[in-house]
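Heads up: the structure comes next, in C-alpha cells.
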Amino acid sequence: MRSWKWAGVVGLVWAAQLAGVSAWAQQPERVPPQIIKLPLLIDGKQFDVVTHLYKPEGPGPFPLVIFSHGRAPSRVDRAKLEYPVLVGHANYWLRKGVAVVAPVRPGYGDTGGLDREDSGARWSGKVCTGDPDFARVASRAGQTVVALHQWALQQPWVRKDRVLLEGQSVGGMTTVSVAALSLPGVVGAVNFAGGSGGNPETSPTQSCGPENLRKTYGELGKLVKVPNLWLYAENDQFWGAEAPREWHEAFRAGGSDTQFVQTGPVPGHDGHSLLTYGGKMWSVPLDAFVRKVGLTAP
C-alpha cells in the first residue's frame with residue numbers, strides 16, 4: 001500500500017511539472033527592450049538619458065505609454081537601477097498594440113549624475129525628522145517626462161493623440177504631477193502606489209510627512225483634467241493602507257476625474273510591489289481604464 005501511495009505522489013508531481021511546462025510553453029515570449037540614449041534638455045542642461053523602448057511590429061503610429069520608475073532609498077541601489085519598467089508589464093502594453101518608453105532619470109542607473117530628487121525626508125530610527133518637499137521631487141522628476149514627451153511627439157511611429165502617463169511609487173507621484181501640465185495628446189494617467197518618503201525597514205506603513213504629500217496631492221487635484229486611475233494595495237509597507245486613501249480624497253476634492261482602487265493584500269509580498277506581483281488584481285481595473293480613455297481606440 002505504501003509503495004502505491006508513493007507511486008501516486010510521484011505521478012502527481014510529474015503531472016504538475018508537465019502541466020507547468022505546458023503552461024510555460026503556451027506563454028508568449030517576452031519581448032526585451034531596445035535600449036537607447038536620448039540627448040534630452042532637462043532643467044536647462046543636456047543629459048544622455050538611457051531609455052527603454054518597446055515598440056509593436058510595423059510602422060505605426062502606435063498609442064504610447066510613458067512610464068516613470070520609482071526611487072530606491074539608498075544611493076547605491078539607485079545606481080543599480082537596470083529596468084525602469086518591468087519587462088512583463090511593458091509586454092502587457094505591447095499585447096494591446098501600445099508602445100512604451102521608460103527613461104532612467106538623471107541620478108539613477110546608467111544615466112548617472114547627481115541626485116536631483118531628494119525630498120528632504122530624514123529618519124532617526126523610526127522617527128521622521130525632516131520636512132519633505134514632495135512637490136519639488138515630483139517637479140524635478142517630471143522634467144524628464146516632459147522632455148521625453150517632447151521627443152516622442154516628434155517620432156513618426158507615435159500616435160500624437162494617444163499618450164498615457166504611468167508610474168510606480170515616486171514615479172506614480174511624478175505621473176500625477178506631470179498630468180497637471182496638460183501636455184498635448186495625453187489622454188490619462190495611471191498611478192501605481194504613488195508617494196514618497198517611505199521607510200519600510202524601520203517604520204513600516206508610516207511614511208515621512210504624509211500630511212505634506214496630502215497637501216501636494218490636494219493642489220494637483222485642482223489642475224489634473226485628464227482621467228486618472230490610482231492603484232494601491234492594503235499591505236503597502238511604504239505608506240500603509242490609510243494614507244493613500246487620504247491622499248486621494250484630498251486630490252479628488254479638487255474636482256479631477258479620478259478613480260481609486262485599493263486591492264487586498266498582495267500575498268507573500270510587500271503590497272508596494274503590487275505592479276510586480278499583483279497582476280490579477282490590477283489588470284481588470286487597468287483594462288477598464290484603457291477602454292474608458294480610448295487609448296487603443298481607432
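If you're wondering about the labels, chains in the C-alpha cells are A, B, ... by order shown, residues count from 1 in each chain, ligands from 1 in order shown.
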What are the closest atom pairs, with distances in Å to one decimal, for each residue of range 181-203 of chain A lying within 9 Å of range 219-226 of chain A, using only C-alpha atoms, rows by chain and rising residue number, as CSV?
residue,atom,partner,partner_atom,distance
A:Leu181,CA,A:Val224,CA,7.5
A:Ser182,CA,A:Lys225,CA,7.3
A:Val186,CA,A:Val226,CA,7.6
A:Val187,CA,A:Val226,CA,6.0
A:Gly188,CA,A:Val226,CA,5.1
A:Ala189,CA,A:Val226,CA,7.2
Near range 63-79 of chain A, 9 Å: range 130-203 of chain A residue rows, closest pairs, only C-alpha atoms, as JSON lines:
{"residue": "A:Ala141", "atom": "CA", "partner": "A:Ser68", "partner_atom": "CA", "distance": 8.5}
{"residue": "A:Gly142", "atom": "CA", "partner": "A:Ser68", "partner_atom": "CA", "distance": 8.7}
{"residue": "A:Val145", "atom": "CA", "partner": "A:Ile66", "partner_atom": "CA", "distance": 7.4}
{"residue": "A:Leu148", "atom": "CA", "partner": "A:Ile66", "partner_atom": "CA", "distance": 8.1}
{"residue": "A:His149", "atom": "CA", "partner": "A:Ile66", "partner_atom": "CA", "distance": 7.6}
{"residue": "A:Ala152", "atom": "CA", "partner": "A:Leu64", "partner_atom": "CA", "distance": 8.6}
{"residue": "A:Trp157", "atom": "CA", "partner": "A:Pro63", "partner_atom": "CA", "distance": 8.8}
{"residue": "A:Val158", "atom": "CA", "partner": "A:Pro63", "partner_atom": "CA", "distance": 6.3}
{"residue": "A:Arg159", "atom": "CA", "partner": "A:Pro63", "partner_atom": "CA", "distance": 5.1}
{"residue": "A:Lys160", "atom": "CA", "partner": "A:Pro63", "partner_atom": "CA", "distance": 7.8}
{"residue": "A:Asp161", "atom": "CA", "partner": "A:Pro63", "partner_atom": "CA", "distance": 7.8}
{"residue": "A:Arg162", "atom": "CA", "partner": "A:Pro63", "partner_atom": "CA", "distance": 4.9}
{"residue": "A:Val163", "atom": "CA", "partner": "A:Leu64", "partner_atom": "CA", "distance": 4.8}
{"residue": "A:Leu164", "atom": "CA", "partner": "A:Val65", "partner_atom": "CA", "distance": 4.7}
{"residue": "A:Leu165", "atom": "CA", "partner": "A:Ile66", "partner_atom": "CA", "distance": 5.1}
{"residue": "A:Glu166", "atom": "CA", "partner": "A:Phe67", "partner_atom": "CA", "distance": 4.8}
{"residue": "A:Gly167", "atom": "CA", "partner": "A:Ser68", "partner_atom": "CA", "distance": 4.3}
{"residue": "A:Gln168", "atom": "CA", "partner": "A:Gly70", "partner_atom": "CA", "distance": 5.5}
{"residue": "A:Ser169", "atom": "CA", "partner": "A:Gly70", "partner_atom": "CA", "distance": 4.9}
{"residue": "A:Val170", "atom": "CA", "partner": "A:Gly70", "partner_atom": "CA", "distance": 4.7}
{"residue": "A:Gly171", "atom": "CA", "partner": "A:Ser68", "partner_atom": "CA", "distance": 4.5}
{"residue": "A:Gly172", "atom": "CA", "partner": "A:Ser68", "partner_atom": "CA", "distance": 6.9}
{"residue": "A:Thr174", "atom": "CA", "partner": "A:Ser68", "partner_atom": "CA", "distance": 7.3}
{"residue": "A:Thr175", "atom": "CA", "partner": "A:Ser68", "partner_atom": "CA", "distance": 6.9}
{"residue": "A:Gly194", "atom": "CA", "partner": "A:Gly70", "partner_atom": "CA", "distance": 8.6}
{"residue": "A:Ser196", "atom": "CA", "partner": "A:Arg71", "partner_atom": "CA", "distance": 8.4}
{"residue": "A:Gly197", "atom": "CA", "partner": "A:Pro73", "partner_atom": "CA", "distance": 8.8}
{"residue": "A:Gly198", "atom": "CA", "partner": "A:Pro73", "partner_atom": "CA", "distance": 8.4}
{"residue": "A:Asn199", "atom": "CA", "partner": "A:Pro73", "partner_atom": "CA", "distance": 7.9}
DSSP on the backbone: what in range 62-273 of chain A comes out alpha helix (DSSP H), as a compact mmCIF listing (two decimals) with C-alpha atoms, in the first residue's frame?
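Below is the file part_17.txt, written as the result:
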# COMPACT_ATOMS: atom_id res chain seq x y z
CA ARG A 75 22.26 55.86 -3.41
CA VAL A 76 23.92 52.50 -4.08
CA ASP A 77 20.61 50.90 -5.06
CA ARG A 78 19.62 53.88 -7.20
CA ALA A 79 22.87 53.47 -9.11
CA VAL A 87 9.70 43.68 -18.95
CA GLY A 88 6.49 41.82 -18.18
CA HIS A 89 4.49 45.00 -17.68
CA ALA A 90 5.86 46.53 -20.87
CA ASN A 91 4.75 43.39 -22.68
CA TYR A 92 1.27 43.83 -21.20
CA TRP A 93 1.10 47.03 -23.22
CA LEU A 94 2.72 45.51 -26.31
CA PHE A 134 7.32 66.38 -2.31
CA ALA A 135 6.19 68.96 -4.84
CA ARG A 136 9.85 69.66 -5.62
CA VAL A 137 10.59 65.97 -6.09
CA ALA A 138 7.65 65.49 -8.43
CA SER A 139 8.55 68.60 -10.41
CA ARG A 140 12.19 67.62 -10.88
CA ALA A 141 11.37 64.03 -11.80
CA GLY A 142 8.65 65.32 -14.09
CA GLN A 143 11.12 67.39 -16.10
CA THR A 144 12.49 64.17 -17.58
CA VAL A 145 8.98 63.04 -18.51
CA VAL A 146 8.23 66.37 -20.18
CA ALA A 147 11.47 66.22 -22.21
CA LEU A 148 10.74 62.65 -23.25
CA HIS A 149 7.19 63.58 -24.21
CA GLN A 150 8.55 66.32 -26.50
CA TRP A 151 10.89 63.78 -28.12
CA ALA A 152 8.09 61.23 -28.52
CA VAL A 170 7.83 58.13 -6.76
CA GLY A 171 7.12 57.59 -10.44
CA GLY A 172 3.41 57.38 -9.68
CA MET A 173 3.52 60.68 -7.80
CA THR A 174 5.51 62.12 -10.70
CA THR A 175 2.90 60.89 -13.16
CA VAL A 176 0.14 62.72 -11.31
CA SER A 177 2.26 65.88 -11.24
CA VAL A 178 3.00 65.74 -14.98
CA ALA A 179 -0.68 65.11 -15.72
CA PRO A 210 2.30 62.14 4.86
CA GLU A 211 0.40 65.36 5.54
CA ASN A 212 2.84 67.20 3.24
CA LEU A 213 2.01 64.80 0.45
CA ARG A 214 -1.70 65.16 1.17
CA LYS A 215 -1.36 68.90 0.60
CA THR A 216 0.65 68.35 -2.60
CA TYR A 217 -1.93 65.96 -3.98
CA GLY A 218 -4.70 68.35 -2.97
CA GLU A 219 -3.18 71.11 -5.09
CA LEU A 220 -2.62 68.76 -8.02
CA GLU A 242 -4.92 54.76 5.33
CA ALA A 243 -2.57 57.44 3.96
CA PRO A 244 -3.18 56.65 0.26
CA ARG A 245 -6.94 56.93 0.79
CA GLU A 246 -6.45 60.30 2.49
CA TRP A 247 -4.15 61.48 -0.31
CA HIS A 248 -6.68 60.51 -2.93
CA GLU A 249 -9.56 62.12 -1.05
CA ALA A 250 -7.63 65.40 -0.96
CA PHE A 251 -6.89 65.03 -4.66
CA ARG A 252 -10.48 64.14 -5.57
(message) From a backbone DSSP assignment, name each residue in range 177-248 of chain A labelled strand (DSSP E), as a PyMOL selection string.
(response) chain A and resi 186-192+228-233
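With CA of Val127 in chain A on one side and CA of Asp270 in chain A on the other, the separation reads 21.0 Å.
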(message) Measuring between only C-alpha atoms, which one of A:Gln155, A:Gln46, A:Gln237, A:Ser124 shows the shortest distance to Pro265 in chain A?
(response) A:Gln237
(message) List as number ranges by chain the protein and nucleic acid residues near Tyr54 in chain A, meaning an atom at most 7 Å away when only C-alpha atoms are counted, but skip any in the same chain fewer than 2 places from it.
(response) A: 33-34, 52, 56, 90, 99-101
